[in-house]
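I have placed the structure first, in the form of structure tokens, so that the comments after it can refer back to it.
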Amino acid sequence: ESQTPGAHATGLADQPRYLKIFEQICETMAYAHSKGVIHRDLKPLNVMVGAFGEVQVMDWGLAKVLDRKDDPEALKSHPQASVIRTERSETGSNPTTYGDFMGTAAYMPPEQARGEIDRLDERTDVFALGSILCEVLTGHPAYKGRTHQEIIDRAKIGDLADVHTRLRACGCETELIAIATACLAPIAEDRPANASEVARLTTAYLSGVQERLRASEIARAEADARAEAEAARAQAETRRAKSERAHRRTTLALAAAMMLAVLTGGGSWMAFRLDRDARRNESDRLVGRELARAQTLQGVAERSGPEAVEAWGRALDAAESAKGLLSARPPRPALVADVAKTYEAITKSTVDARERVQQNEAVRQLIVELDDVRLQEATVYGHRDHDSKSKQAAYAAAFHKVGIDFETQSTKEIAAWLKPKRDIQRIAAALDDWNPKGWASIAQAIDPEGNPLRVAFRKGDLAVLLAMAHNPAARWMSATTACTLAKNLEYLDGPDEAISLLAAARSGSPADFWINHDLGLLLYHRKGSDELGEAVRFLTVATVLRPDSAGALFDLGVALDDLGRHGEAIPALREAVRLKPDYAVAYCRLGSSLRIQGQFAEAITALVQDHATSCLRRSSCSQP
């Protein structure tokens, strides 16, 4: 019995199974690509899944053996690969001619749909893999149409607006959508190089899912452990109550014995000692038991990590219980000292864990706010002088929320607080964008990777910046550092070198929001017809990666509007003002687009909202 992946991918329930199948398809094609073979007709109907989960890629009738004899780099990347030879590759005969249409239109890239056979390589199959993944996520392949010819026409021009809309609305995780978007790039050079790269990205995502499942299982196990601890505590209370009743009976018996001894005229001192020893032994037992429980939970908390607040809280409860028993029946002095030492250590660790969690949450919120400020300024309209004060105030307010004041605190204090925090490069990028008093010392201390380019930029040393951008070893750069370097190059030398740098950085980080966004903006500002189309492509990826970004949606809407694609611009602009109701310039551009489309009533509504924030008086709002 066999099935095809995608045949039933109509809901999220089946997705884990289909994604595992997709991963195996990618691995199969990775092996084929390592041998220089491309399929050219990948689609769900050509994939068979056996009853035991085995996956086979079928129908290799259109497969092609790539000529790698003159490509030493390809041979070097697979030094153990054997050479695949067929009758066609040996004789040199190839019945396919330029302009022939081969394959299934819904799954093929533009170059294949146009019959450009000389341009077909591993990335042809990568596009088909992206279309299969799109079908798993949305229920349909990359291209849809009422007729077969309509699908072919869309494939030839790479019309992917509909698929991006479907991917944004599918409700799947951002990492999956980013993989599909990267594979479905209309330009072959923008796709992952081969199926091995797609397999790596898919495996990384699935591994992340497994990590989250394990985290969920750990959380569930901790909940079960808490329930068991509570049950054990209840049982301990029951046992303690029974013990106390037994102790009272013992005490009464001893009292009776003492009374009898007094009445009989002897043994009073012995009775007193027996009573004192019984009390101390019982106290030692109860306190020792609670102390042992506290120390056991302390060990669990230490293994759970320094931020395991709940685990430390359970340990502290046990330590407080042991401490509370000391006042009722003082045990041996050595045991009292052990309780005090354990209670002090657990209390300190609990406080530290709570502070770490609070600080991490504060830093996470800080990074979100810094990104928002940076994005509000980095729009298609660029950095405007009359907005600089509002940007300065917004950055200062974001840092002030976590207790940082650049006016009163020293740079050393600020750097010491920031350095051990997570995502430190994104904070450094905000400092580079803001440039407050003392920013250089702080940025240098917390982000050493970016120091060479900061020094070069302050000196205006374009040659050093260009050397960094052209250095073959520049792949060490993080996405954040690449964006900062590109920004400096643009400022000193114009957009060309900055665009080349970000395009290269994107090949290593295709799913980074800032790389896609900044590359789209640079291409938009260059304003060539081809550049506008490319800007739309990268800005579309940015909105997929961060659908809650009003600034990125605004940028996409403006670029689409300038291309004359007003109908596509309107939904993006509407979403921008929905996310940010006081976004005056977005209302202005939305009103203009609606007017051009003849939707005058809605245009008036948008422009009235724009007028409420005084945007109509700005020269940037005048439209033809």
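Identifiers in the structure tokens: chain A, B, ... in order shown; residue index from 1 per chain; ligand index from 1 in order shown.
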
I'd like the neighbourhood of Ala572 of chain A as number ranges by chain, where a residue qualifies if any of its atoms comes within 7 Å (using only C-alpha atoms), though same-chain residues fewer than 2 positions away should be ignored. A: 553-554, 556-557, 569-570, 574-576

Could you pull out the alpha helix (DSSP H) residues of segment 379-464 of chain A from DSSP and send them as a PyMOL selection string? chain A and resi 388-401+411-418+424-434+439-446+451-459+462-464

Show me, as an mmCIF file with N, CA and C atoms, in the first residue's frame, the residues that have an atom within 9 Å of segment 304-307 of chain A when counting only C-alpha atoms, minus same-chain residues fewer than 4 positions from it.
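Final output, part_34.cif:
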data_model
loop_
_atom_site.group_PDB
_atom_site.id
_atom_site.type_symbol
_atom_site.label_atom_id
_atom_site.label_comp_id
_atom_site.auth_asym_id
_atom_site.auth_seq_id
_atom_site.Cartn_x
_atom_site.Cartn_y
_atom_site.Cartn_z
ATOM 1 N N GLY A 299 19.012 19.592 44.888
ATOM 2 C CA GLY A 299 19.765 18.923 43.831
ATOM 3 C C GLY A 299 19.007 18.899 42.521
ATOM 4 N N VAL A 300 17.678 18.666 42.585
ATOM 5 C CA VAL A 300 16.853 18.687 41.368
ATOM 6 C C VAL A 300 16.893 20.070 40.726
ATOM 7 N N ALA A 311 11.424 24.949 40.255
ATOM 8 C CA ALA A 311 12.171 23.921 40.986
ATOM 9 C C ALA A 311 12.788 24.507 42.258
ATOM 10 N N TRP A 312 13.356 25.708 42.152
ATOM 11 C CA TRP A 312 13.927 26.343 43.342
ATOM 12 C C TRP A 312 12.835 26.705 44.347
ATOM 13 N N SER A 349 19.757 31.066 46.004
ATOM 14 C CA SER A 349 19.612 30.544 44.645
ATOM 15 C C SER A 349 18.226 30.851 44.087
ATOM 16 N N THR A 350 17.193 30.794 44.928
ATOM 17 C CA THR A 350 15.833 31.108 44.478
ATOM 18 C C THR A 350 15.723 32.566 44.059
ATOM 19 N N ASP A 352 18.200 34.512 43.096
ATOM 20 C CA ASP A 352 19.002 34.676 41.876
ATOM 21 C C ASP A 352 18.242 34.197 40.651
ATOM 22 N N ALA A 353 17.562 33.040 40.772
ATOM 23 C CA ALA A 353 16.816 32.499 39.632
ATOM 24 C C ALA A 353 15.700 33.449 39.222
ATOM 25 N N ARG A 354 14.984 33.979 40.207
ATOM 26 C CA ARG A 354 13.900 34.911 39.884
ATOM 27 C C ARG A 354 14.425 36.181 39.223
ATOM 28 N N GLU A 355 15.563 36.668 39.707
ATOM 29 C CA GLU A 355 16.150 37.872 39.113
ATOM 30 C C GLU A 355 16.601 37.605 37.685
ATOM 31 N N ARG A 356 17.194 36.420 37.440
ATOM 32 C CA ARG A 356 17.640 36.091 36.074
ATOM 33 C C ARG A 356 16.451 36.040 35.122
ATOM 34 N N VAL A 357 15.387 35.386 35.535
ATOM 35 C CA VAL A 357 14.205 35.282 34.669
ATOM 36 C C VAL A 357 13.635 36.670 34.389
#

Nearest to Leu375 of chain A: which of A:Val209, A:Ala155, A:Ala479, A:Ala429 is it, counting only C-alpha atoms?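 Among the listed residues, A:Ala429 lies closest to Leu375 of chain A.
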
Excluding same-chain residues fewer than 5 positions from Ser509 of chain A, what lies within 12 Å of it counting only C-alpha atoms, as a list in words?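 Non-adjacent residues within range: Ala178, Ile179, Ala182, Asp190, Arg191, Pro192, Glu197, Leu201, Arg475, Trp476, Met477, Ser478, Ala479, Thr480, Ala482, Cys483, Leu502, Ala503, Ala504, Trp514, Ile515 and Asn516 of chain A.
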
Please provide the set of residues having any atom within 9 Å of segment 518-533 of chain A, restricted to only C-alpha atoms, with same-chain residues fewer than 4 positions apart removed, written as a ChimeraX atom specification. /A:378-382,483,486-487,490,495-496,498-499,502-503,506,513-514,537-540,542,555-556,559-560,562-563

Residue with smallest distance to Phe52 of chain A - pool A:Ala241, A:Pro110, A:Gly36, A:Ile21, counting only C-alpha atoms: A:Ile21

Within 12 Å of Lys459 of chain A using only C-alpha atoms, minus same-chain residues under 6 positions, as a PyMOL selection string: chain A and resi 452-453+465+488+492

His566 of chain A surroundings by only C-alpha atoms, 10 Å radius, close-in-sequence under 6 positions cut, as a PDB file with N, CA, C and O atoms, in the first residue's frame:
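And here is the file that came out, part_24.pdb:
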ATOM      1  N   GLY A 557       4.024  47.663   0.803  1.00  0.00           N
ATOM      2  CA  GLY A 557       2.914  48.334   0.131  1.00  0.00           C
ATOM      3  C   GLY A 557       3.381  49.461  -0.758  1.00  0.00           C
ATOM      4  O   GLY A 557       2.895  49.625  -1.892  1.00  0.00           O
ATOM      5  N   VAL A 558       4.333  50.273  -0.295  1.00  0.00           N
ATOM      6  CA  VAL A 558       4.833  51.391  -1.104  1.00  0.00           C
ATOM      7  C   VAL A 558       5.551  50.870  -2.351  1.00  0.00           C
ATOM      8  O   VAL A 558       5.364  51.398  -3.459  1.00  0.00           O
ATOM      9  N   ALA A 559       6.375  49.832  -2.196  1.00  0.00           N
ATOM     10  CA  ALA A 559       7.092  49.287  -3.352  1.00  0.00           C
ATOM     11  C   ALA A 559       6.116  48.721  -4.384  1.00  0.00           C
ATOM     12  O   ALA A 559       6.281  48.934  -5.596  1.00  0.00           O
ATOM     13  N   LEU A 560       5.097  47.996  -3.931  1.00  0.00           N
ATOM     14  CA  LEU A 560       4.079  47.470  -4.852  1.00  0.00           C
ATOM     15  C   LEU A 560       3.337  48.612  -5.537  1.00  0.00           C
ATOM     16  O   LEU A 560       3.038  48.559  -6.738  1.00  0.00           O
ATOM     17  N   LEU A 590      -2.217  54.574   1.749  1.00  0.00           N
ATOM     18  CA  LEU A 590      -3.390  53.726   1.513  1.00  0.00           C
ATOM     19  C   LEU A 590      -4.484  54.514   0.808  1.00  0.00           C
ATOM     20  O   LEU A 590      -5.114  54.024  -0.144  1.00  0.00           O
ATOM     21  N   SER A 592      -4.153  57.086  -1.132  1.00  0.00           N
ATOM     22  CA  SER A 592      -3.740  57.315  -2.523  1.00  0.00           C
ATOM     23  C   SER A 592      -3.972  56.069  -3.381  1.00  0.00           C
ATOM     24  O   SER A 592      -4.486  56.154  -4.496  1.00  0.00           O
ATOM     25  N   SER A 593      -3.601  54.897  -2.867  1.00  0.00           N
ATOM     26  CA  SER A 593      -3.777  53.660  -3.629  1.00  0.00           C
ATOM     27  C   SER A 593      -5.251  53.367  -3.870  1.00  0.00           C
ATOM     28  O   SER A 593      -5.648  52.946  -4.971  1.00  0.00           O
ATOM     29  N   LEU A 594      -6.074  53.571  -2.848  1.00  0.00           N
ATOM     30  CA  LEU A 594      -7.515  53.343  -3.001  1.00  0.00           C
ATOM     31  C   LEU A 594      -8.109  54.301  -4.034  1.00  0.00           C
ATOM     32  O   LEU A 594      -8.986  53.916  -4.816  1.00  0.00           O
ATOM     33  N   ARG A 595      -7.634  55.552  -4.032  1.00  0.00           N
ATOM     34  CA  ARG A 595      -8.143  56.526  -5.010  1.00  0.00           C
ATOM     35  C   ARG A 595      -7.799  56.097  -6.431  1.00  0.00           C
ATOM     36  O   ARG A 595      -8.645  56.166  -7.334  1.00  0.00           O
ATOM     37  N   ILE A 596      -6.568  55.622  -6.621  1.00  0.00           N
ATOM     38  CA  ILE A 596      -6.161  55.179  -7.959  1.00  0.00           C
ATOM     39  C   ILE A 596      -7.008  54.001  -8.427  1.00  0.00           C
ATOM     40  O   ILE A 596      -7.332  53.874  -9.607  1.00  0.00           O
ATOM     41  N   GLN A 597      -7.396  53.141  -7.474  1.00  0.00           N
ATOM     42  CA  GLN A 597      -8.223  51.979  -7.807  1.00  0.00           C
ATOM     43  C   GLN A 597      -9.697  52.337  -7.944  1.00  0.00           C
ATOM     44  O   GLN A 597     -10.526  51.460  -8.218  1.00  0.00           O
TER      45      GLN A 597
END

What separates atom CA of Glu413 of chain A and atom CA of Ile346 of chain A is a distance of 28.4 Å

By how many Å are atom CA of Arg17 of chain A and atom CA of Gly53 of chain A apart? 9.5 Å

Any idea what the distance is between atom CA of Lys323 of chain A and atom CA of Ala345 of chain A?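 So the two atoms, atom CA of Lys323 of chain A and atom CA of Ala345 of chain A, lie 13.1 Å apart.
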